[in-house]
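Structure file work.cif (mmCIF, C-alpha atoms and all ligand atoms) is printed below.
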data_structure
loop_
_atom_site.label_atom_id
_atom_site.label_comp_id
_atom_site.auth_asym_id
_atom_site.auth_seq_id
_atom_site.Cartn_x
_atom_site.Cartn_y
_atom_site.Cartn_z
CA MET A 30 3.55 16.42 11.09
CA ARG A 31 2.73 17.28 7.46
CA ILE A 32 -0.14 15.84 5.42
CA GLY A 33 -0.24 15.31 1.64
CA MET A 34 -3.55 14.94 -0.18
CA LEU A 35 -4.73 14.09 -3.70
CA THR A 36 -7.90 13.31 -5.63
CA ALA A 37 -7.73 10.64 -8.40
CA GLY A 38 -10.02 8.88 -10.88
CA GLY A 39 -13.13 10.62 -12.25
CA ASP A 40 -14.16 13.78 -10.40
CA CYS A 41 -17.42 13.95 -8.48
CA PRO A 42 -19.40 16.46 -6.42
CA GLY A 43 -18.13 16.50 -2.83
CA LEU A 44 -14.37 16.23 -3.48
CA ASN A 45 -13.90 19.87 -2.53
CA ALA A 46 -15.96 19.37 0.62
CA VAL A 47 -13.50 16.63 1.71
CA ILE A 48 -10.52 18.85 0.91
CA ARG A 49 -12.04 21.68 2.98
CA ALA A 50 -12.81 19.40 5.94
CA VAL A 51 -9.31 17.86 5.96
CA VAL A 52 -7.60 21.26 5.82
CA ARG A 53 -9.83 22.91 8.43
CA THR A 54 -9.65 20.00 10.88
CA SER A 55 -5.89 19.55 10.49
CA ARG A 56 -5.08 23.24 10.83
CA ALA A 57 -7.55 24.05 13.61
CA GLU A 58 -7.17 20.97 15.80
CA TYR A 59 -3.56 19.89 15.13
CA ASP A 60 -1.88 22.91 13.53
CA THR A 61 -0.81 20.51 10.76
CA PRO A 62 0.00 21.94 7.31
CA VAL A 63 -1.66 20.23 4.33
CA LEU A 64 -0.09 20.04 0.88
CA GLY A 65 -2.21 19.13 -2.17
CA PHE A 66 -0.78 17.15 -5.10
CA GLU A 67 -2.33 18.13 -8.42
CA ASP A 68 -4.10 16.07 -11.08
CA GLY A 69 -4.26 12.75 -9.28
CA TRP A 70 -1.30 10.40 -8.97
CA SER A 71 0.60 12.40 -11.62
CA GLY A 72 1.06 15.23 -9.11
CA LEU A 73 2.94 12.88 -6.83
CA VAL A 74 5.05 11.40 -9.62
CA ASP A 75 5.89 14.79 -11.20
CA ASP A 76 5.98 16.72 -7.91
CA SER A 77 3.26 19.20 -8.66
CA ALA A 78 2.22 20.49 -5.24
CA VAL A 79 0.25 23.37 -3.75
CA SER A 80 -0.11 24.49 -0.12
CA LEU A 81 -3.65 24.51 1.23
CA TYR A 82 -4.43 27.15 3.86
CA ASP A 83 -7.40 27.33 6.19
CA ASP A 84 -8.67 30.55 4.65
CA GLU A 85 -11.86 31.97 3.13
CA ASP A 86 -11.20 30.29 -0.22
CA ILE A 87 -11.00 26.86 1.37
CA ASP A 88 -14.10 27.53 3.45
CA ARG A 89 -16.15 28.37 0.37
CA LEU A 90 -15.28 25.07 -1.29
CA LEU A 91 -18.17 23.26 0.39
CA LEU A 92 -20.63 24.01 -2.38
CA ARG A 93 -18.27 23.80 -5.30
CA GLY A 94 -18.33 20.77 -7.61
CA GLY A 95 -15.20 19.18 -9.08
CA THR A 96 -11.86 19.31 -7.28
CA VAL A 97 -9.57 22.31 -6.87
CA LEU A 98 -6.64 19.89 -6.86
CA GLY A 99 -7.54 18.55 -10.29
CA THR A 100 -7.81 14.84 -10.91
CA GLY A 101 -7.00 12.31 -13.58
CA ARG A 102 -6.11 8.76 -14.45
CA LEU A 103 -2.58 7.39 -14.88
CA ASN A 104 -1.63 4.07 -16.42
CA PRO A 105 -1.28 1.66 -13.42
CA ASP A 106 2.05 0.27 -14.74
CA THR A 107 3.44 3.81 -15.05
CA LEU A 108 2.33 4.50 -11.50
CA ARG A 109 3.95 1.34 -10.13
CA ASP A 110 7.17 2.03 -12.05
CA SER A 111 7.25 5.50 -10.47
CA LEU A 112 7.58 4.38 -6.84
CA PRO A 113 11.08 5.91 -6.45
CA GLN A 114 9.86 9.31 -7.77
CA ILE A 115 6.79 9.17 -5.51
CA LYS A 116 8.95 8.47 -2.46
CA ARG A 117 11.33 11.27 -3.44
CA THR A 118 8.42 13.73 -3.76
CA LEU A 119 7.07 12.77 -0.35
CA GLU A 120 10.52 13.07 1.25
CA ARG A 121 11.20 16.41 -0.43
CA HIS A 122 8.06 17.86 1.15
CA ALA A 123 8.54 15.97 4.44
CA ILE A 124 5.08 14.40 4.10
CA ASP A 125 4.28 11.99 6.96
CA VAL A 126 1.00 10.67 5.61
CA LEU A 127 -0.91 10.84 2.34
CA ILE A 128 -4.71 11.16 2.17
CA ALA A 129 -5.87 9.61 -1.14
CA ILE A 130 -9.43 10.43 -2.17
CA GLY A 131 -10.81 8.22 -4.94
CA GLY A 132 -12.72 5.18 -6.11
CA ASP A 133 -11.79 1.49 -6.19
CA GLY A 134 -8.87 2.15 -8.56
CA THR A 135 -7.41 4.96 -6.47
CA LEU A 136 -7.82 2.90 -3.31
CA THR A 137 -6.09 -0.06 -5.01
CA ALA A 138 -3.14 2.22 -5.74
CA ALA A 139 -3.29 3.59 -2.17
CA ASN A 140 -3.15 0.07 -0.75
CA TRP A 141 -0.21 -0.79 -2.96
CA LEU A 142 1.60 2.34 -1.74
CA HIS A 143 0.84 1.37 1.84
CA ASP A 144 2.29 -2.12 1.17
CA ASN A 145 5.39 -0.36 -0.13
CA GLY A 146 5.97 1.61 3.03
CA VAL A 147 4.06 4.83 2.32
CA PRO A 148 1.63 5.77 5.12
CA VAL A 149 -1.79 6.30 3.52
CA VAL A 150 -5.35 7.08 4.63
CA GLY A 151 -8.10 6.50 2.02
CA VAL A 152 -11.38 8.35 1.41
CA PRO A 153 -13.95 6.58 -0.81
CA LYS A 154 -15.49 8.73 -3.55
CA THR A 155 -17.29 7.90 -6.78
CA ILE A 156 -20.64 8.46 -8.40
CA ASP A 157 -20.64 4.71 -9.17
CA ASN A 158 -21.06 3.72 -5.46
CA ASP A 159 -19.11 0.55 -6.25
CA VAL A 160 -16.60 0.64 -3.36
CA ALA A 161 -16.98 -2.34 -1.02
CA ALA A 162 -17.24 -2.16 2.80
CA THR A 163 -18.79 1.31 2.90
CA ASP A 164 -22.54 1.90 2.68
CA TYR A 165 -22.18 4.85 0.32
CA THR A 166 -19.54 6.87 -1.50
CA PHE A 167 -20.13 10.62 -1.83
CA GLY A 168 -21.00 11.80 -5.33
CA PHE A 169 -23.51 9.01 -5.76
CA ASP A 170 -26.45 10.89 -4.25
CA THR A 171 -25.82 13.91 -6.51
CA ALA A 172 -25.51 11.71 -9.62
CA VAL A 173 -28.78 9.96 -8.78
CA SER A 174 -30.52 13.27 -8.21
CA VAL A 175 -29.29 14.67 -11.57
CA ALA A 176 -30.32 11.50 -13.40
CA ALA A 177 -33.72 11.26 -11.68
CA ASP A 178 -34.43 14.90 -12.49
CA ALA A 179 -33.60 14.28 -16.17
CA ILE A 180 -35.82 11.19 -16.30
CA ASP A 181 -38.68 13.14 -14.64
CA ARG A 182 -38.46 15.62 -17.48
CA LEU A 183 -38.46 12.94 -20.15
CA HIS A 184 -41.89 11.62 -19.07
CA THR A 185 -43.83 14.56 -20.50
CA THR A 186 -41.99 14.83 -23.80
CA ALA A 187 -42.12 11.04 -24.27
CA GLU A 188 -45.87 11.11 -23.64
CA SER A 189 -46.49 14.03 -25.98
CA HIS A 190 -44.72 12.27 -28.84
CA GLU A 191 -45.78 8.72 -27.92
CA ARG A 192 -42.18 7.61 -27.86
CA VAL A 193 -40.00 5.02 -26.22
CA MET A 194 -37.19 6.89 -24.44
CA LEU A 195 -33.90 5.26 -23.56
CA VAL A 196 -31.82 7.07 -20.93
CA GLU A 197 -28.20 6.01 -20.62
CA VAL A 198 -26.60 6.73 -17.25
CA MET A 199 -23.08 6.08 -15.96
CA GLY A 200 -22.16 2.80 -14.31
CA ARG A 201 -19.30 0.81 -15.74
CA HIS A 202 -19.67 -2.37 -13.73
CA ALA A 203 -22.32 -1.40 -11.19
CA GLY A 204 -25.92 -0.38 -11.86
CA TRP A 205 -26.48 1.66 -8.69
CA ILE A 206 -27.20 4.94 -10.49
CA ALA A 207 -29.54 3.27 -13.00
CA LEU A 208 -31.40 1.41 -10.27
CA HIS A 209 -31.84 4.35 -7.90
CA ALA A 210 -32.57 6.98 -10.55
CA GLY A 211 -34.92 4.60 -12.36
CA LEU A 212 -36.85 3.85 -9.17
CA ALA A 213 -36.91 7.50 -8.08
CA ALA A 214 -38.27 8.69 -11.43
CA GLY A 215 -40.67 5.85 -12.15
CA ALA A 216 -38.90 4.35 -15.16
CA HIS A 217 -40.75 1.49 -16.84
CA MET A 218 -37.65 -0.65 -17.31
CA ILE A 219 -34.13 -0.60 -15.86
CA VAL A 220 -31.13 -2.37 -17.38
CA ILE A 221 -27.94 -2.83 -15.34
CA PRO A 222 -24.53 -4.46 -15.95
CA GLU A 223 -25.08 -7.07 -13.23
CA VAL A 224 -28.05 -8.61 -15.09
CA PRO A 225 -27.38 -9.07 -18.84
CA PHE A 226 -30.50 -8.03 -20.75
CA ASP A 227 -32.63 -9.80 -23.31
CA ILE A 228 -33.77 -7.22 -25.89
CA ASP A 229 -36.88 -9.33 -26.62
CA TYR A 230 -37.88 -8.99 -22.97
CA VAL A 231 -37.27 -5.22 -23.01
CA CYS A 232 -39.49 -4.96 -26.12
CA LYS A 233 -42.12 -7.17 -24.50
CA VAL A 234 -42.26 -4.88 -21.46
CA MET A 235 -42.69 -1.80 -23.66
CA LYS A 236 -45.23 -3.52 -25.91
CA ARG A 237 -47.30 -4.52 -22.90
CA ARG A 238 -47.51 -0.87 -21.88
CA PHE A 239 -48.90 0.08 -25.28
CA GLN A 240 -51.38 -2.83 -25.17
CA MET A 241 -52.57 -1.58 -21.77
CA GLY A 242 -53.37 1.80 -23.31
CA GLU A 243 -50.24 3.75 -22.28
CA ASN A 244 -48.61 5.64 -25.11
CA TYR A 245 -44.98 5.96 -24.03
CA GLY A 246 -42.25 4.11 -22.15
CA ILE A 247 -38.99 5.00 -20.41
CA CYS A 248 -36.10 2.60 -20.06
CA VAL A 249 -32.99 3.50 -18.01
CA VAL A 250 -29.81 1.78 -19.17
CA ALA A 251 -26.46 1.72 -17.38
CA GLU A 252 -23.58 2.36 -19.79
CA GLY A 253 -21.93 -0.96 -18.92
CA ALA A 254 -25.02 -3.10 -19.62
CA THR A 255 -24.54 -6.01 -22.00
CA PRO A 256 -26.93 -8.32 -23.89
CA ALA A 257 -27.39 -11.79 -22.40
CA GLU A 258 -25.46 -14.57 -24.09
CA GLY A 259 -27.54 -16.27 -26.74
CA SER A 260 -30.06 -13.37 -26.92
CA SER A 261 -30.96 -11.88 -30.29
CA MET A 262 -28.80 -8.78 -30.02
CA THR A 263 -25.07 -8.11 -29.82
CA ILE A 264 -23.12 -4.91 -29.28
CA ASP A 265 -19.61 -3.94 -30.37
CA GLU A 266 -17.07 -4.47 -27.65
CA GLY A 267 -14.91 -1.40 -27.17
CA GLU A 268 -11.16 -1.60 -26.76
CA ILE A 269 -9.32 -1.22 -23.45
CA ASP A 270 -7.87 2.27 -23.01
CA GLN A 271 -4.44 3.19 -21.62
CA PHE A 272 -5.87 3.34 -18.09
CA GLY A 273 -7.23 -0.19 -18.20
CA HIS A 274 -10.91 0.72 -18.77
CA GLN A 275 -13.12 -0.57 -21.57
CA VAL A 276 -14.27 2.10 -24.03
CA PHE A 277 -18.06 1.99 -24.39
CA THR A 278 -19.70 1.91 -27.80
CA GLY A 279 -23.16 3.17 -26.82
CA VAL A 280 -25.42 0.42 -25.57
CA ALA A 281 -28.56 2.60 -25.38
CA ASN A 282 -28.22 3.75 -28.98
CA ALA A 283 -27.73 0.14 -30.09
CA MET A 284 -30.85 -0.89 -28.14
CA ALA A 285 -32.82 1.98 -29.70
CA VAL A 286 -32.18 0.64 -33.20
CA GLU A 287 -33.45 -2.81 -32.18
CA ILE A 288 -36.52 -1.48 -30.34
CA LYS A 289 -37.53 0.77 -33.23
CA GLU A 290 -37.29 -2.10 -35.65
CA ARG A 291 -39.21 -4.55 -33.47
CA LEU A 292 -41.96 -2.26 -32.17
CA ASP A 293 -42.21 0.06 -35.16
CA ARG A 294 -42.35 3.00 -32.73
CA ASP A 295 -40.57 6.29 -32.49
CA VAL A 296 -37.55 5.80 -30.19
CA ARG A 297 -35.14 8.41 -28.79
CA THR A 298 -31.97 8.09 -26.72
CA THR A 299 -30.64 10.54 -24.11
CA VAL A 300 -27.10 9.96 -22.87
CA LEU A 301 -26.64 11.86 -19.59
CA GLY A 302 -22.86 11.37 -19.48
CA HIS A 303 -20.81 13.79 -17.45
CA THR A 304 -23.77 15.95 -16.38
CA GLN A 305 -24.06 13.35 -13.61
CA ARG A 306 -20.63 14.31 -12.29
CA GLY A 307 -20.87 18.08 -12.55
CA GLY A 308 -22.17 20.88 -10.35
CA THR A 309 -22.76 21.39 -6.68
CA PRO A 310 -23.18 18.35 -4.39
CA THR A 311 -26.54 17.58 -2.79
CA SER A 312 -26.84 18.31 0.94
CA ARG A 313 -26.48 14.61 1.64
CA ASP A 314 -23.20 14.43 -0.29
CA ARG A 315 -21.92 17.61 1.38
CA VAL A 316 -22.53 16.07 4.79
CA LEU A 317 -21.03 12.67 3.91
CA ALA A 318 -17.96 14.21 2.24
CA THR A 319 -17.43 16.57 5.19
CA ARG A 320 -17.72 13.77 7.74
CA TYR A 321 -15.29 11.62 5.72
CA GLY A 322 -12.84 14.54 5.61
CA VAL A 323 -13.01 15.20 9.35
CA HIS A 324 -12.46 11.52 10.18
CA ALA A 325 -9.64 11.15 7.62
CA ALA A 326 -7.90 14.17 9.16
CA HIS A 327 -8.15 12.72 12.68
CA LEU A 328 -6.77 9.36 11.48
CA ALA A 329 -3.90 10.96 9.59
CA ASN A 330 -2.99 13.24 12.49
CA SER A 331 -3.08 10.43 15.02
CA GLY A 332 -0.82 8.12 13.02
CA LYS A 333 -3.39 5.51 11.89
CA HIS A 334 -2.48 4.35 8.38
CA GLY A 335 -3.48 1.69 5.86
CA VAL A 336 -7.12 2.45 6.61
CA PHE A 337 -9.96 4.20 4.82
CA VAL A 338 -13.02 5.94 6.21
CA ALA A 339 -16.21 3.92 5.73
CA LEU A 340 -19.85 4.73 6.37
CA ARG A 341 -21.50 1.94 8.36
CA GLY A 342 -25.06 2.85 9.27
CA GLU A 343 -24.79 6.28 10.89
CA ASP A 344 -21.12 5.89 11.85
CA ILE A 345 -17.89 6.66 10.06
CA VAL A 346 -15.35 3.97 10.94
CA PRO A 347 -11.75 3.21 9.94
CA LEU A 348 -11.36 -0.09 8.02
CA PRO A 349 -8.35 -1.64 6.25
CA ILE A 350 -8.08 -0.23 2.71
CA ALA A 351 -7.85 -3.86 1.60
CA ASP A 352 -11.55 -4.26 2.59
CA ALA A 353 -12.57 -1.52 0.15
CA ILE A 354 -10.93 -3.25 -2.81
CA SER A 355 -11.61 -6.87 -1.90
CA ARG A 356 -14.43 -6.90 -4.46
CA LEU A 357 -16.50 -4.45 -6.47
CA LYS A 358 -19.78 -3.57 -4.73
CA THR A 359 -22.44 -4.38 -7.31
CA VAL A 360 -26.25 -4.39 -7.15
CA PRO A 361 -27.53 -7.66 -5.59
CA VAL A 362 -29.86 -9.56 -7.91
CA GLU A 363 -32.59 -9.54 -5.21
CA MET A 364 -32.54 -5.74 -5.20
CA TYR A 365 -32.89 -5.67 -8.98
CA ASP A 366 -35.79 -8.12 -8.68
CA GLU A 367 -37.55 -5.70 -6.30
CA ALA A 368 -37.39 -3.03 -9.00
CA ALA A 369 -38.47 -5.54 -11.66
CA SER A 370 -41.84 -5.90 -9.89
CA LEU A 371 -42.61 -2.41 -11.22
CA PHE A 372 -41.43 -2.89 -14.81
CA GLY A 373 -44.00 -2.24 -17.50
N1 LIG B 401 -4.43 -1.99 -9.95
C1 LIG B 401 -3.87 -0.79 -9.86
N2 LIG B 401 -2.56 -0.65 -9.53
C2 LIG B 401 -2.00 0.57 -9.43
N3 LIG B 401 -2.65 1.72 -9.65
C3 LIG B 401 -3.93 1.64 -9.98
C4 LIG B 401 -4.63 0.40 -10.11
N4 LIG B 401 -5.91 0.65 -10.45
C5 LIG B 401 -6.01 1.98 -10.55
N5 LIG B 401 -4.84 2.59 -10.27
C6 LIG B 401 -4.57 4.03 -10.31
O1 LIG B 401 -5.67 4.79 -9.80
C7 LIG B 401 -6.17 5.67 -10.83
C8 LIG B 401 -7.65 5.87 -10.66
O2 LIG B 401 -8.32 4.63 -10.84
P1 LIG B 401 -9.66 4.55 -11.71
O3 LIG B 401 -9.44 5.17 -13.04
O4 LIG B 401 -10.08 3.13 -11.70
O5 LIG B 401 -10.70 5.48 -10.94
P2 LIG B 401 -11.35 5.29 -9.51
O6 LIG B 401 -10.41 5.73 -8.47
O7 LIG B 401 -11.91 3.91 -9.38
O8 LIG B 401 -12.51 6.38 -9.57
P3 LIG B 401 -13.81 6.34 -10.50
O9 LIG B 401 -14.16 4.92 -10.79
O10 LIG B 401 -14.85 7.05 -9.72
O11 LIG B 401 -13.44 7.11 -11.74
C9 LIG B 401 -5.76 4.99 -12.13
O12 LIG B 401 -5.71 5.88 -13.22
C10 LIG B 401 -4.38 4.44 -11.77
O13 LIG B 401 -3.39 5.44 -11.85
O1 LIG B 402 -14.48 10.90 -17.12
P1 LIG B 402 -14.19 9.66 -17.91
O2 LIG B 402 -12.74 9.36 -17.93
O3 LIG B 402 -14.86 9.70 -19.22
O4 LIG B 402 -14.80 8.46 -17.09
C1 LIG B 402 -16.11 8.01 -17.15
C2 LIG B 402 -16.30 6.96 -16.09
O5 LIG B 402 -16.07 7.52 -14.82
C3 LIG B 402 -17.19 7.29 -13.98
O6 LIG B 402 -17.99 8.45 -14.04
C4 LIG B 402 -16.74 7.06 -12.56
O7 LIG B 402 -15.99 5.90 -12.49
C5 LIG B 402 -17.89 6.09 -14.60
O8 LIG B 402 -19.25 6.01 -14.25
C6 LIG B 402 -17.67 6.36 -16.07
O9 LIG B 402 -17.70 5.18 -16.82
MG MG B 403 -13.75 3.04 -10.05
#
Any chance you could put this one into structure tokens?
Amino acid sequence: MRIGMLTAGGDCPGLNAVIRAVVRTSRAEYDTPVLGFEDGWSGLVDDSAVSLYDDEDIDRLLLRGGTVLGTGRLNPDTLRDSLPQIKRTLERHAIDVLIAIGGDGTLTAANWLHDNGVPVVGVPKTIDNDVAATDYTFGFDTAVSVAADAIDRLHTTAESHERVMLVEVMGRHAGWIALHAGLAAGAHMIVIPEVPFDIDYVCKVMKRRFQMGENYGICVVAEGATPAEGSSMTIDEGEIDQFGHQVFTGVANAMAVEIKERLDRDVRTTVLGHTQRGGTPTSRDRVLATRYGVHAAHLANSGKHGVFVALRGEDIVPLPIADAISRLKTVPVEMYDEAASLFG
């Protein structure tokens, strides 16, 4: 038995903890060698591989952010056209099963490989927390903690300068980071992709704060938020990049211009960007990533394929990869409405 492993899509804290857990479990309990493919799916297409040993270096990966295997995105058509090369790479290294660690996109590719006769086990990662059928993906807790810490710090400077502060966080289609970080740090307004916003309403919420005697306001905005149809604001739609993702044009900055004009207040924007994906994982993410890695290793070593590891309550369970990609897990409107009770 030989295991192949790769990380694909955006990086996130906890990827190295999965790698460590897979290697340690496979070597210690099954004496199975693990080979890493570098830089996402490209490593499999171009045969860029590295042996992973159960040594001190691997053990110390628990705390380290990013991924020692490297990651990246590859045009989905290029990937699909490369099936013969991928199969050749796997045969060359006598790989019996591939562990693919990634988000909805990576798991879509993993499922396609499985349908094409490649044994695959999936591990759900992403700061976006948008993978269906699992309660949480690792990376999310760290991203929320980074964003909440940043918002905490903005309260005092916003108050000192009597400003409206817009904080743009990641979240292409799902507003999980915005919702959780906004709630955790007491934001006065939260805007998410699932609920198109009305800029007049955002201004009304901020204005009400000033009328009540407060002198500042904080609004958290997910990068993928869009104005409601027919509302009095539009934003430029970015093009689709070579990996199939829309390029964002800066929704928070666009909102800032509108808010400044309408409220005649000082407005500032903070875009947290990739700080949310960097650095050491929180304890919660270390534990989740480690548990995912241990379970993925057991599944791979016992010949269970076409499944991914999912967190359901306190348990890690194997589910068909198809369940993970059946839909994007977005914030339910009722959950957003809970948060909306605190707006203003
Ligand atoms: N429909 C698809 N068919 C084949 N391959 C795909 C498909 N979707 C994504 N992939 C492959 O998986 C890679 C990673 O996907 P994507 O960029 O969506 O990130 P992800 O895994 O969802 O992680 P994250 O959202 O956290 O960045 C893509 O670059 C592409 O190579
Ligand atoms: O690192 P890149 O390619 O700029 O990707 C950014 C995207 O990746 C994510 O961090 C994870 O999918 C999204 O929240 C964000 O839109
Ligand atoms: Mg994704």
Near-ligand residues for ligand LIG 402 (chain B), threshold 9 Å, all atoms listed in the file, as a ChimeraX atom specification: /A:38-41,101-102,132-134,155-159,198-203,206,251-253,274-277,302-303,305-306
Write out as an mmCIF file with C-alpha atoms, in the frame of the given file each polymer residue whose atoms come within 12 Å of A:Tyr230, counting only C-alpha atoms; drop sequence neighbours fewer than 4 positions from it.
data_model
loop_
_atom_site.group_PDB
_atom_site.id
_atom_site.type_symbol
_atom_site.label_atom_id
_atom_site.label_comp_id
_atom_site.auth_asym_id
_atom_site.auth_seq_id
_atom_site.Cartn_x
_atom_site.Cartn_y
_atom_site.Cartn_z
ATOM 1 C CA MET A 218 -37.650 -0.650 -17.310
ATOM 2 C CA ILE A 219 -34.130 -0.600 -15.860
ATOM 3 C CA VAL A 220 -31.130 -2.370 -17.380
ATOM 4 C CA PRO A 225 -27.380 -9.070 -18.840
ATOM 5 C CA PHE A 226 -30.500 -8.030 -20.750
ATOM 6 C CA VAL A 234 -42.260 -4.880 -21.460
ATOM 7 C CA MET A 235 -42.690 -1.800 -23.660
ATOM 8 C CA LYS A 236 -45.230 -3.520 -25.910
ATOM 9 C CA ARG A 237 -47.300 -4.520 -22.900
ATOM 10 C CA PRO A 256 -26.930 -8.320 -23.890
ATOM 11 C CA ALA A 257 -27.390 -11.790 -22.400
ATOM 12 C CA SER A 260 -30.060 -13.370 -26.920
ATOM 13 C CA SER A 261 -30.960 -11.880 -30.290
ATOM 14 C CA MET A 262 -28.800 -8.780 -30.020
ATOM 15 C CA MET A 284 -30.850 -0.890 -28.140
ATOM 16 C CA GLU A 287 -33.450 -2.810 -32.180
ATOM 17 C CA ILE A 288 -36.520 -1.480 -30.340
ATOM 18 C CA ARG A 291 -39.210 -4.550 -33.470
ATOM 19 C CA ALA A 369 -38.470 -5.540 -11.660
ATOM 20 C CA PHE A 372 -41.430 -2.890 -14.810
ATOM 21 C CA GLY A 373 -44.000 -2.240 -17.500
#
Distance criterion (all atoms listed in the file): nearest to ligand MG 403 (chain B) out of A:Asn45, A:Ser77, A:Thr166, A:Thr118: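 Closest candidate: A:Thr166.
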Separation of atom CA of A:Arg49 from atom CA of A:Arg89 in Å: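 Here the two named atoms are 8.3 Å from each other.
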Point (-0.2, 2.6, 7.6), cut-off 8 Å, counting all atoms listed in the file, residues as a PyMOL selection string: chain A and resi 143+146-150+332-336
Distance in Å - atom CA of A:Tyr365 versus atom CA of A:Pro310: 26.3 Å
Could you write out as JSON the box around stretch 72-81 of chain A (axis-aligned, all atoms listed in the file, 4 Å on each side), with centre and edge lengths in Å to one decimal?
{"center_x": 1.2, "center_y": 18.0, "center_z": -5.0, "size_x": 17.6, "size_y": 21.1, "size_z": 20.4}
Distance criterion (only C-alpha atoms and all ligand atoms): nearest to ligand MG 403 (chain B) out of A:Ile264, A:Leu73, A:Ala46, A:Ile130: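 Ranking A:Ile264, A:Leu73, A:Ala46, A:Ile130 by distance to ligand MG 403 (chain B), first place goes to A:Ile130.
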Counting all atoms listed in the file, the residue of A:Ala187, A:Val231, A:Ala138, A:Ala172 that sits nearest ligand LIG 401 (chain B):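 Between A:Ala187, A:Val231, A:Ala138, A:Ala172, the residue approaching ligand LIG 401 (chain B) most closely is A:Ala138.
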Length of the atom O7 of ligand LIG 401 (chain B) to atom CA of A:Ile354 vector [Å]: 9.8 Å
Which residue of A:Leu81, A:Leu142, A:Val175, A:Val47 approaches ligand LIG 401 (chain B) most closely, using only C-alpha atoms and all ligand atoms: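 Using only C-alpha atoms and all ligand atoms, ligand LIG 401 (chain B) sits closest to A:Leu142.
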Who sits within 10 Å of A:Pro361, only C-alpha atoms, same chain under 3 positions skipped, as an MDAnalysis selection string: chainID A and resid 203:205 223:224 358 364:366
Selection: 9 Å around stretch 188-190 of chain A, only C-alpha atoms, excl. self and same-chain fewer than 6 positions, as a list in words: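 Non-adjacent residues within range: Glu243, Asn244, Tyr245, Gly246 and Asp295 of chain A.
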Best match for closeness to ligand MG 403 (chain B) among A:Gly267, A:Gly131, A:Gly95, A:Pro347, counting all atoms listed in the file: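 Selected residue with least distance to ligand MG 403 (chain B): A:Gly131.
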Nearest to A:Asp88, chosen from A:Thr319, A:Asn140, A:Gly33, A:Gly69, with all atoms listed in the file counted in the distances: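 The shortest atom-to-atom distance to A:Asp88 comes from A:Thr319.
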Polymer residues at most 9 Å from (-34.5, 4.3, -15.1) by all atoms listed in the file, as a VMD selection string: chain A and resid 176 to 177 180 195 to 198 206 to 220 247 to 251
